[in-house]
file start15.cif (mmCIF, C-alpha atoms)
data_structure
loop_
_atom_site.group_PDB
_atom_site.id
_atom_site.type_symbol
_atom_site.label_atom_id
_atom_site.label_comp_id
_atom_site.auth_asym_id
_atom_site.auth_seq_id
_atom_site.Cartn_x
_atom_site.Cartn_y
_atom_site.Cartn_z
ATOM 1 C CA MET A 143 -178.853 -15.255 -87.335
ATOM 2 C CA ARG A 144 -182.619 -15.253 -87.083
ATOM 3 C CA SER A 145 -183.015 -17.214 -90.327
ATOM 4 C CA GLY A 146 -180.419 -19.722 -89.133
ATOM 5 C CA ILE A 147 -182.380 -20.421 -85.967
ATOM 6 C CA PHE A 148 -185.567 -20.736 -88.001
ATOM 7 C CA ASN A 149 -183.901 -23.298 -90.279
ATOM 8 C CA LEU A 150 -182.826 -25.331 -87.259
ATOM 9 C CA ILE A 151 -186.361 -25.353 -85.900
ATOM 10 C CA VAL A 152 -187.642 -26.435 -89.310
ATOM 11 C CA ALA A 153 -185.020 -29.201 -89.410
ATOM 12 C CA PHE A 154 -186.143 -30.367 -85.977
ATOM 13 C CA SER A 155 -189.788 -30.335 -87.088
ATOM 14 C CA LEU A 156 -188.989 -32.486 -90.118
ATOM 15 C CA LEU A 157 -186.952 -34.899 -88.018
ATOM 16 C CA VAL A 158 -189.641 -35.526 -85.425
ATOM 17 C CA GLY A 159 -192.471 -35.362 -87.961
ATOM 18 C CA CYS A 160 -195.119 -32.671 -88.125
ATOM 19 C CA SER A 161 -198.845 -33.079 -88.088
ATOM 20 C CA GLU A 162 -200.691 -31.913 -91.175
ATOM 21 C CA LYS A 163 -202.140 -29.063 -89.109
ATOM 22 C CA SER A 164 -198.717 -27.791 -88.043
ATOM 23 C CA ILE A 165 -197.009 -27.734 -91.418
ATOM 24 C CA VAL A 166 -197.638 -25.259 -94.216
ATOM 25 C CA VAL A 167 -198.073 -26.870 -97.627
ATOM 26 C CA GLU A 168 -197.925 -24.423 -100.532
ATOM 27 C CA LYS A 169 -200.728 -26.172 -102.420
ATOM 28 C CA PRO A 170 -203.217 -27.744 -99.996
ATOM 29 C CA ARG A 171 -205.078 -29.338 -102.896
ATOM 30 C CA GLU A 172 -202.036 -31.506 -103.576
ATOM 31 C CA MET A 173 -202.250 -33.037 -100.105
ATOM 32 C CA GLN A 174 -205.812 -34.066 -100.892
ATOM 33 C CA ARG A 175 -204.324 -36.339 -103.558
ATOM 34 C CA ALA A 176 -202.352 -38.279 -100.946
ATOM 35 C CA VAL A 177 -203.596 -41.658 -99.736
ATOM 36 C CA SER A 178 -203.633 -42.236 -95.976
ATOM 37 C CA ILE A 179 -202.461 -45.679 -94.853
ATOM 38 C CA GLN A 180 -202.364 -46.692 -91.212
ATOM 39 C CA THR A 181 -200.614 -50.070 -91.438
ATOM 40 C CA ILE A 182 -198.264 -51.928 -93.750
ATOM 41 C CA GLU A 183 -201.178 -54.274 -94.476
ATOM 42 C CA ASP A 184 -203.042 -51.258 -95.926
ATOM 43 C CA PHE A 185 -200.057 -50.685 -98.194
ATOM 44 C CA GLY A 186 -200.163 -54.341 -99.254
ATOM 45 C CA ILE A 187 -203.824 -54.076 -100.219
ATOM 46 C CA LEU A 188 -203.116 -50.914 -102.195
ATOM 47 C CA LEU A 189 -200.213 -52.524 -104.042
ATOM 48 C CA GLU A 190 -202.237 -55.647 -104.836
ATOM 49 C CA LYS A 191 -204.804 -53.434 -106.580
ATOM 50 C CA GLU A 192 -202.074 -51.894 -108.721
ATOM 51 C CA ILE A 193 -200.735 -55.353 -109.630
ATOM 52 C CA GLN A 194 -204.183 -56.308 -110.871
ATOM 53 C CA GLN A 195 -203.974 -53.470 -113.387
ATOM 54 C CA HIS A 196 -200.244 -53.326 -114.195
ATOM 55 C CA ASN A 197 -197.345 -55.685 -114.725
ATOM 56 C CA PRO A 198 -195.448 -55.890 -111.393
ATOM 57 C CA HIS A 199 -192.180 -55.220 -113.243
ATOM 58 C CA ASP A 200 -193.606 -51.816 -114.245
ATOM 59 C CA ILE A 201 -194.290 -50.774 -110.648
ATOM 60 C CA LEU A 202 -191.732 -48.848 -108.569
ATOM 61 C CA VAL A 203 -192.260 -48.547 -104.804
ATOM 62 C CA VAL A 204 -190.315 -45.748 -103.084
ATOM 63 C CA PHE A 205 -190.104 -46.010 -99.291
ATOM 64 C CA ASP A 206 -188.849 -43.398 -96.887
ATOM 65 C CA PHE A 207 -186.386 -44.815 -94.327
ATOM 66 C CA ASN A 208 -186.644 -43.147 -90.910
ATOM 67 C CA TYR A 209 -189.935 -43.812 -89.091
ATOM 68 C CA THR A 210 -191.302 -45.542 -92.193
ATOM 69 C CA LEU A 211 -189.291 -48.761 -92.436
ATOM 70 C CA LEU A 212 -187.086 -48.502 -89.345
ATOM 71 C CA TYR A 213 -186.745 -46.166 -86.397
ATOM 72 C CA PRO A 214 -183.932 -45.633 -83.861
ATOM 73 C CA ALA A 215 -184.821 -47.371 -80.626
ATOM 74 C CA ASP A 216 -183.049 -45.025 -78.194
ATOM 75 C CA PRO A 217 -185.752 -43.196 -76.177
ATOM 76 C CA ALA A 218 -184.088 -39.832 -76.862
ATOM 77 C CA LEU A 219 -184.544 -40.408 -80.605
ATOM 78 C CA CYS A 220 -188.199 -41.427 -80.473
ATOM 79 C CA LYS A 221 -190.375 -38.783 -82.075
ATOM 80 C CA LYS A 222 -192.903 -38.717 -79.243
ATOM 81 C CA ASN A 223 -190.180 -37.974 -76.691
ATOM 82 C CA MET A 224 -188.619 -35.368 -78.960
ATOM 83 C CA GLU A 225 -191.977 -33.678 -79.241
ATOM 84 C CA LYS A 226 -192.496 -33.914 -75.459
ATOM 85 C CA HIS A 227 -189.183 -32.154 -74.825
ATOM 86 C CA LYS A 228 -189.261 -29.854 -77.859
ATOM 87 C CA VAL A 229 -188.882 -26.646 -75.819
ATOM 88 C CA VAL A 230 -185.511 -27.605 -74.349
ATOM 89 C CA PHE A 231 -184.497 -29.306 -77.587
ATOM 90 C CA THR A 232 -185.148 -26.161 -79.620
ATOM 91 C CA LYS A 233 -182.899 -24.236 -77.211
ATOM 92 C CA LEU A 234 -180.152 -26.790 -77.779
ATOM 93 C CA LEU A 235 -180.523 -26.494 -81.549
ATOM 94 C CA LYS A 236 -179.913 -22.768 -81.358
ATOM 95 C CA THR A 237 -176.316 -23.526 -80.337
ATOM 96 C CA LEU A 238 -175.664 -25.200 -83.706
ATOM 97 C CA SER A 239 -175.108 -23.967 -87.213
ATOM 98 C CA LYS A 240 -177.303 -25.458 -89.930
ATOM 99 C CA LYS A 241 -174.459 -27.685 -91.118
ATOM 100 C CA GLU A 242 -173.799 -28.936 -87.592
ATOM 101 C CA ALA A 243 -177.506 -29.665 -87.145
ATOM 102 C CA ASP A 244 -177.639 -31.561 -90.441
ATOM 103 C CA LEU A 245 -174.600 -33.623 -89.454
ATOM 104 C CA LEU A 246 -176.109 -34.337 -86.060
ATOM 105 C CA PHE A 247 -179.545 -35.363 -87.322
ATOM 106 C CA SER A 248 -178.250 -37.427 -90.232
ATOM 107 C CA ASN A 249 -175.935 -39.494 -88.101
ATOM 108 C CA VAL A 250 -177.796 -40.101 -84.868
ATOM 109 C CA THR A 251 -180.701 -41.597 -86.802
ATOM 110 C CA LYS A 252 -178.371 -44.222 -88.301
ATOM 111 C CA THR A 253 -177.584 -45.831 -84.956
ATOM 112 C CA SER A 254 -177.274 -49.606 -85.131
ATOM 113 C CA ASN A 255 -180.010 -49.953 -82.510
ATOM 114 C CA GLN A 256 -183.003 -49.870 -84.872
ATOM 115 C CA LYS A 257 -186.453 -51.406 -84.735
ATOM 116 C CA ALA A 258 -188.900 -52.115 -87.527
ATOM 117 C CA VAL A 259 -191.959 -49.881 -87.672
ATOM 118 C CA SER A 260 -193.845 -53.042 -88.629
ATOM 119 C CA ASN A 261 -192.540 -56.584 -88.205
ATOM 120 C CA LYS A 262 -194.542 -57.512 -91.299
ATOM 121 C CA SER A 263 -192.697 -55.169 -93.669
ATOM 122 C CA ALA A 264 -189.878 -57.598 -94.500
ATOM 123 C CA SER A 265 -192.093 -60.497 -95.574
ATOM 124 C CA LEU A 266 -194.429 -58.189 -97.482
ATOM 125 C CA ILE A 267 -191.573 -56.593 -99.425
ATOM 126 C CA ARG A 268 -189.992 -59.990 -100.064
ATOM 127 C CA ASN A 269 -193.252 -61.416 -101.456
ATOM 128 C CA PHE A 270 -193.873 -58.464 -103.759
ATOM 129 C CA LYS A 271 -190.252 -58.531 -104.977
ATOM 130 C CA LYS A 272 -190.745 -62.171 -105.981
ATOM 131 C CA GLN A 273 -193.654 -61.031 -108.146
ATOM 132 C CA GLY A 274 -191.370 -58.496 -109.850
ATOM 133 C CA VAL A 275 -192.208 -55.228 -108.077
ATOM 134 C CA ASN A 276 -189.193 -52.891 -107.796
ATOM 135 C CA PHE A 277 -188.383 -51.275 -104.442
ATOM 136 C CA ILE A 278 -186.052 -48.435 -103.486
ATOM 137 C CA VAL A 279 -185.570 -46.167 -100.476
ATOM 138 C CA CYS A 280 -185.453 -42.389 -100.835
ATOM 139 C CA THR A 281 -184.215 -40.666 -97.695
ATOM 140 C CA GLY A 282 -183.333 -37.056 -96.988
ATOM 141 C CA SER A 283 -180.127 -38.215 -95.312
ATOM 142 C CA LEU A 284 -176.701 -36.822 -96.053
ATOM 143 C CA THR A 285 -174.908 -38.956 -98.620
ATOM 144 C CA LYS A 286 -171.886 -39.474 -96.361
ATOM 145 C CA THR A 287 -171.778 -40.639 -92.761
ATOM 146 C CA GLY A 288 -168.264 -40.192 -91.477
ATOM 147 C CA GLU A 289 -166.086 -41.648 -94.210
ATOM 148 C CA LYS A 290 -168.772 -44.144 -95.241
ATOM 149 C CA ASN A 291 -171.490 -44.131 -97.855
ATOM 150 C CA SER A 292 -174.806 -43.581 -96.038
ATOM 151 C CA ALA A 293 -176.568 -45.865 -98.537
ATOM 152 C CA ASP A 294 -174.348 -48.768 -97.468
ATOM 153 C CA ILE A 295 -175.105 -48.107 -93.797
ATOM 154 C CA ILE A 296 -178.852 -47.934 -94.452
ATOM 155 C CA ALA A 297 -178.766 -51.094 -96.577
ATOM 156 C CA ASN A 298 -176.994 -52.970 -93.780
ATOM 157 C CA LEU A 299 -179.483 -51.695 -91.173
ATOM 158 C CA LEU A 300 -182.334 -52.920 -93.367
ATOM 159 C CA LYS A 301 -180.710 -56.321 -93.900
ATOM 160 C CA VAL A 302 -180.594 -56.844 -90.119
ATOM 161 C CA HIS A 303 -184.395 -56.808 -90.371
ATOM 162 C CA ASP A 304 -184.408 -59.055 -93.480
ATOM 163 C CA ILE A 305 -185.221 -56.181 -95.841
ATOM 164 C CA ASP A 306 -183.148 -56.421 -99.016
ATOM 165 C CA LEU A 307 -183.747 -53.800 -101.708
ATOM 166 C CA SER A 308 -180.924 -54.802 -104.038
ATOM 167 C CA SER A 309 -182.084 -54.933 -107.654
ATOM 168 C CA ASP A 310 -180.758 -55.291 -111.185
ATOM 169 C CA ALA A 311 -183.786 -53.491 -112.623
ATOM 170 C CA PHE A 312 -181.907 -50.233 -113.228
ATOM 171 C CA PRO A 313 -179.112 -49.609 -115.766
ATOM 172 C CA PHE A 314 -176.776 -48.288 -113.058
ATOM 173 C CA ALA A 315 -175.589 -49.371 -109.608
ATOM 174 C CA HIS A 316 -174.472 -45.895 -108.522
ATOM 175 C CA LEU A 317 -175.176 -42.307 -109.574
ATOM 176 C CA ASP A 318 -174.294 -38.876 -108.208
ATOM 177 C CA PHE A 319 -176.863 -36.226 -109.093
ATOM 178 C CA ARG A 320 -174.434 -33.413 -109.831
ATOM 179 C CA GLU A 321 -177.131 -31.144 -111.199
ATOM 180 C CA PHE A 322 -177.604 -30.276 -107.522
ATOM 181 C CA LYS A 323 -175.096 -28.242 -105.531
ATOM 182 C CA SER A 324 -172.479 -30.063 -103.504
ATOM 183 C CA TYR A 325 -173.233 -29.933 -99.777
ATOM 184 C CA LEU A 326 -170.780 -31.070 -97.114
ATOM 185 C CA GLY A 327 -168.646 -32.585 -99.841
ATOM 186 C CA SER A 328 -171.337 -34.714 -101.482
ATOM 187 C CA TRP A 329 -174.272 -34.649 -103.892
ATOM 188 C CA PRO A 330 -177.606 -36.440 -103.776
ATOM 189 C CA SER A 331 -176.852 -39.991 -104.794
ATOM 190 C CA TYR A 332 -178.297 -43.367 -105.771
ATOM 191 C CA SER A 333 -176.490 -46.502 -104.689
ATOM 192 C CA ASN A 334 -177.830 -50.059 -104.900
ATOM 193 C CA GLY A 335 -181.448 -49.361 -104.057
ATOM 194 C CA ILE A 336 -180.945 -46.320 -101.804
ATOM 195 C CA ILE A 337 -181.357 -42.651 -102.791
ATOM 196 C CA THR A 338 -179.808 -40.200 -100.342
ATOM 197 C CA ALA A 339 -181.196 -36.731 -101.078
ATOM 198 C CA ASN A 340 -178.356 -35.053 -99.114
ATOM 199 C CA ARG A 341 -180.873 -32.570 -97.643
ATOM 200 C CA GLU A 342 -182.176 -31.525 -101.069
ATOM 201 C CA ASN A 343 -185.886 -31.512 -101.909
ATOM 202 C CA LYS A 344 -186.888 -35.169 -102.027
ATOM 203 C CA GLY A 345 -189.322 -34.646 -104.898
ATOM 204 C CA ALA A 346 -186.677 -32.936 -107.019
ATOM 205 C CA VAL A 347 -184.135 -35.707 -106.375
ATOM 206 C CA LEU A 348 -186.657 -38.452 -107.133
ATOM 207 C CA SER A 349 -187.530 -36.613 -110.354
ATOM 208 C CA SER A 350 -183.850 -36.544 -111.320
ATOM 209 C CA PHE A 351 -183.577 -40.281 -110.651
ATOM 210 C CA MET A 352 -186.592 -41.091 -112.799
ATOM 211 C CA LYS A 353 -185.348 -38.968 -115.699
ATOM 212 C CA LYS A 354 -182.237 -41.132 -115.806
ATOM 213 C CA LEU A 355 -184.201 -44.376 -116.185
ATOM 214 C CA GLU A 356 -184.176 -45.827 -119.695
ATOM 215 C CA LYS A 357 -187.696 -47.155 -119.138
ATOM 216 C CA LYS A 358 -190.067 -45.269 -116.865
ATOM 217 C CA PRO A 359 -192.307 -47.249 -114.515
ATOM 218 C CA GLU A 360 -196.020 -47.195 -115.216
ATOM 219 C CA VAL A 361 -196.761 -46.737 -111.511
ATOM 220 C CA VAL A 362 -194.768 -45.075 -108.742
ATOM 221 C CA VAL A 363 -195.971 -45.763 -105.195
ATOM 222 C CA PHE A 364 -194.328 -43.330 -102.771
ATOM 223 C CA VAL A 365 -194.602 -44.008 -99.019
ATOM 224 C CA ASP A 366 -193.518 -41.467 -96.387
ATOM 225 C CA ASN A 367 -194.573 -40.275 -92.922
ATOM 226 C CA SER A 368 -193.858 -36.576 -93.577
ATOM 227 C CA PRO A 369 -196.556 -34.314 -95.088
ATOM 228 C CA LYS A 370 -193.807 -31.993 -96.350
ATOM 229 C CA LYS A 371 -192.037 -34.761 -98.290
ATOM 230 C CA ILE A 372 -195.362 -36.036 -99.595
ATOM 231 C CA GLY A 373 -196.187 -32.562 -100.884
ATOM 232 C CA ASP A 374 -192.774 -32.322 -102.550
ATOM 233 C CA VAL A 375 -193.337 -35.580 -104.439
ATOM 234 C CA LEU A 376 -196.912 -34.716 -105.434
ATOM 235 C CA LYS A 377 -195.541 -31.576 -107.081
ATOM 236 C CA ILE A 378 -193.474 -33.623 -109.555
ATOM 237 C CA ALA A 379 -196.194 -36.133 -110.414
ATOM 238 C CA ASP A 380 -197.602 -34.229 -113.380
ATOM 239 C CA SER A 381 -194.121 -33.900 -114.902
ATOM 240 C CA PHE A 382 -194.115 -37.551 -115.965
ATOM 241 C CA ALA A 383 -196.699 -38.183 -118.644
ATOM 242 C CA GLY A 384 -197.984 -41.748 -118.593
ATOM 243 C CA VAL A 385 -196.723 -42.447 -115.064
ATOM 244 C CA LYS A 386 -199.302 -42.933 -112.322
ATOM 245 C CA PHE A 387 -198.184 -41.622 -108.916
ATOM 246 C CA VAL A 388 -199.777 -43.109 -105.805
ATOM 247 C CA VAL A 389 -198.462 -41.019 -102.897
ATOM 248 C CA CYS A 390 -199.124 -42.401 -99.427
ATOM 249 C CA LYS A 391 -198.906 -40.860 -95.971
ATOM 250 C CA TYR A 392 -197.955 -43.763 -93.713
ATOM 251 C CA ASP A 393 -198.832 -43.369 -90.026
ATOM 252 C CA GLU A 394 -198.059 -46.745 -88.447
ATOM 253 C CA TYR A 395 -195.205 -45.319 -86.373
ATOM 254 C CA GLN A 396 -197.777 -43.276 -84.465
ATOM 255 C CA ASN A 397 -198.951 -46.531 -82.849
ATOM 256 C CA VAL A 398 -195.490 -47.603 -81.687
ATOM 257 C CA ALA A 399 -195.158 -47.653 -77.895
ATOM 258 C CA VAL A 400 -192.023 -45.789 -76.816
ATOM 259 C CA PRO A 401 -190.246 -45.802 -73.440
ATOM 260 C CA GLU A 402 -190.409 -42.584 -71.461
ATOM 261 C CA ILE A 403 -187.313 -40.536 -70.790
ATOM 262 C CA SER A 404 -186.888 -37.763 -68.265
ATOM 263 C CA GLU A 405 -186.012 -34.259 -69.394
ATOM 264 C CA GLN A 406 -182.583 -34.555 -67.756
ATOM 265 C CA GLU A 407 -181.832 -37.873 -69.478
ATOM 266 C CA PHE A 408 -182.997 -36.365 -72.769
ATOM 267 C CA LEU A 409 -180.751 -33.334 -72.287
ATOM 268 C CA ASP A 410 -177.777 -35.492 -71.300
ATOM 269 C CA PHE A 411 -178.112 -37.567 -74.471
ATOM 270 C CA TRP A 412 -178.380 -34.596 -76.825
ATOM 271 C CA ASN A 413 -175.726 -32.516 -75.092
ATOM 272 C CA ARG A 414 -173.343 -35.436 -75.520
ATOM 273 C CA LYS A 415 -174.183 -35.810 -79.226
ATOM 274 C CA ILE A 416 -173.969 -32.051 -79.815
ATOM 275 C CA ALA A 417 -170.564 -31.932 -78.117
ATOM 276 C CA GLU A 418 -169.364 -34.697 -80.429
ATOM 277 C CA THR A 419 -170.604 -32.757 -83.439
ATOM 278 C CA LYS A 420 -169.090 -29.423 -82.460
ATOM 279 C CA SER A 421 -165.722 -31.018 -81.724
ATOM 280 C CA LEU A 422 -165.292 -31.795 -85.424
ATOM 281 C CA ASP A 423 -164.805 -29.519 -88.439
ATOM 282 C CA VAL A 424 -168.128 -28.398 -89.887
ATOM 283 C CA GLY A 425 -166.960 -29.416 -93.357
ATOM 284 C CA LYS A 426 -166.573 -33.055 -92.332
ATOM 285 C CA THR A 427 -169.340 -35.553 -91.751
ATOM 286 C CA LEU A 428 -169.734 -36.961 -88.289
ATOM 287 C CA GLY A 429 -169.424 -40.626 -87.369
ATOM 288 C CA ILE A 430 -171.124 -41.330 -84.073
ATOM 289 C CA GLY A 431 -169.956 -44.576 -82.582
#

call {"tool": "encode", "arguments": {"input": "start15.cif", "output": "structure tokens"}}
result
Amino acid sequence: MRSGIFNLIVAFSLLVGCSEKSIVVEKPREMQRAVSIQTIEDFGILLEKEIQQHNPHDILVVFDFNYTLLYPADPALCKKNMEKHKVVFTKLLKTLSKKEADLLFSNVTKTSNQKAVSNKSASLIRNFKKQGVNFIVCTGSLTKTGEKNSADIIANLLKVHDIDLSSDAFPFAHLDFREFKSYLGSWPSYSNGIITANRENKGAVLSSFMKKLEKKPEVVVFVDNSPKKIGDVLKIADSFAGVKFVVCKYDEYQNVAVPEISEQEFLDFWNRKIAETKSLDVGKTLGIG
């Protein structure tokens, strides 16, 4: 029971985003290899430098989804408010099993009410795609949301903001990574530009994806807001001889102004979502409408 509660608190920490001081990284020296970028313009400058040294077609950019490209606009889902009310939220999490918490977190963050972390991301990605740079998303999300493919939902959310990651650069349109254990009826998966890690280690899943490529990229630029996920990807970098990894911690969301929400409003929102989760079988994914 104690370990279950600990896992829920860890899941909450990863959802809201931890500071580098509050998260334990097994190899601190790896984090020193990460590049800090504050704005999407910083990312653009970094990518331009790589294009000067490499063919754009040989560059793969891997974006995180939540709080990197888009974020849910509901005040109760904003990381700053979740951190503000973390004491009561942690108590709520203790009423859930790990599977229920994973279902809850994976689905509420795919609400249709999303905003772009930067309004400049779409045009920047579009311009670099025209030059030949390849883009994908790698998210820790469950592979299924309700009866739907999470990758399709994420792709549609991105398209609302004019972000299109579809590509014919890879020799497959869909893959299930069955070398990982099935969880809640699914495996980590790639589908049309979106990797859903299905709560597996993001570095391990990205490694599996790259091993299946007929031609490895010369450069992989990984962009995420989570120190934990950054550390996971840095750990696989040396496994790919001849591939340069540029791993970036992206902090632009920290500058997003969020509306305040009272503790009671926050509790009402999450109690409602938790009730919806617990009313369903744990073995089924949850569709929140």

call {"tool": "closest_residue", "arguments": {"input": "start15.cif", "among": "A:Val398, A:Leu189, A:Ile337, A:Val385", "to": "Gly282 (chain A)", "atoms": "only C-alpha atoms"}}
result
A:Ile337

call {"tool": "residues_around", "arguments": {"input": "start15.cif", "residues": "Ile193 (chain A)", "least_positions_apart": "4", "cutoff": "12 Å", "atoms": "all atoms listed in the file", "output": "compact mmCIF listing (two decimals) with C-alpha atoms, in the coordinates of the input"}}
result
# COMPACT_ATOMS: atom_id res chain seq x y z
CA GLY A 186 -200.16 -54.34 -99.25
CA ILE A 187 -203.82 -54.08 -100.22
CA LEU A 188 -203.12 -50.91 -102.20
CA LEU A 189 -200.21 -52.52 -104.04
CA ASN A 197 -197.34 -55.68 -114.72
CA PRO A 198 -195.45 -55.89 -111.39
CA HIS A 199 -192.18 -55.22 -113.24
CA ASP A 200 -193.61 -51.82 -114.24
CA ILE A 201 -194.29 -50.77 -110.65
CA LEU A 202 -191.73 -48.85 -108.57
CA VAL A 203 -192.26 -48.55 -104.80
CA PHE A 270 -193.87 -58.46 -103.76
CA LYS A 271 -190.25 -58.53 -104.98
CA GLN A 273 -193.65 -61.03 -108.15
CA GLY A 274 -191.37 -58.50 -109.85
CA VAL A 275 -192.21 -55.23 -108.08
CA ASN A 276 -189.19 -52.89 -107.80
CA GLU A 360 -196.02 -47.20 -115.22
CA VAL A 361 -196.76 -46.74 -111.51
CA VAL A 362 -194.77 -45.08 -108.74
CA VAL A 363 -195.97 -45.76 -105.20

call {"tool": "axis_aligned_box", "arguments": {"input": "start15.cif", "around": "region 224-234 of chain A", "padding_each_side": "4 Å", "output": "AutoDock Vina command-line options"}}
result
--center_x -186.3 --center_y -29.8 --center_z -77.0 --size_x 20.3 --size_y 19.1 --size_z 13.3

call {"tool": "closest_residue", "arguments": {"input": "start15.cif", "among": "A:Asp366, A:Glu192, A:Asp310, A:Glu407", "to": "Tyr395 (chain A)", "atoms": "all atoms listed in the file"}}
result
A:Asp366

call {"tool": "residues_around", "arguments": {"input": "start15.cif", "residues": "Leu219 (chain A)", "least_positions_apart": "2", "cutoff": "12 Å", "atoms": "only C-alpha atoms", "output": "PyMOL selection string"}}
result
chain A and resi 154+157-159+208-209+213-217+221-228+231+246-253+255-257+400-403+407-409+411-412+415

call {"tool": "atom_distance", "arguments": {"input": "start15.cif", "atom1": "CA of Asn340 (chain A)", "atom2": "CA of Ser328 (chain A)"}}
result
7.4 Å

call {"tool": "residues_around", "arguments": {"input": "start15.cif", "residues": "Leu348 (chain A)", "least_positions_apart": "5", "cutoff": "9 Å", "atoms": "all atoms listed in the file", "output": "JSON, numbers by chain"}}
result
{"A": [280, 337, 339, 343, 353, 375, 378]}

call {"tool": "resolve_selection", "arguments": {"input": "start15.cif", "expression": "the PyMOL selection byres ((chain A and resi 335) around 9)", "output": "list in words"}}
result
Phe277, Ile278, Val279, Cys280, Ala293, Ala297, Asp306, Leu307, Ser308, Ser309, Ala315, His316, Tyr332, Ser333, Asn334, Ile336 and Ile337 of chain A

call {"tool": "atom_distance", "arguments": {"input": "start15.cif", "atom1": "CA of Lys358 (chain A)", "atom2": "CA of Val204 (chain A)"}}
result
13.8 Å

call {"tool": "closest_residue", "arguments": {"input": "start15.cif", "among": "A:Gly373, A:Pro313, A:Pro330, A:Gly384", "to": "Glu342 (chain A)", "atoms": "all atoms listed in the file"}}
result
A:Pro330

call {"tool": "atom_distance", "arguments": {"input": "start15.cif", "atom1": "CA of Val388 (chain A)", "atom2": "CA of Phe364 (chain A)"}}
result
6.2 Å
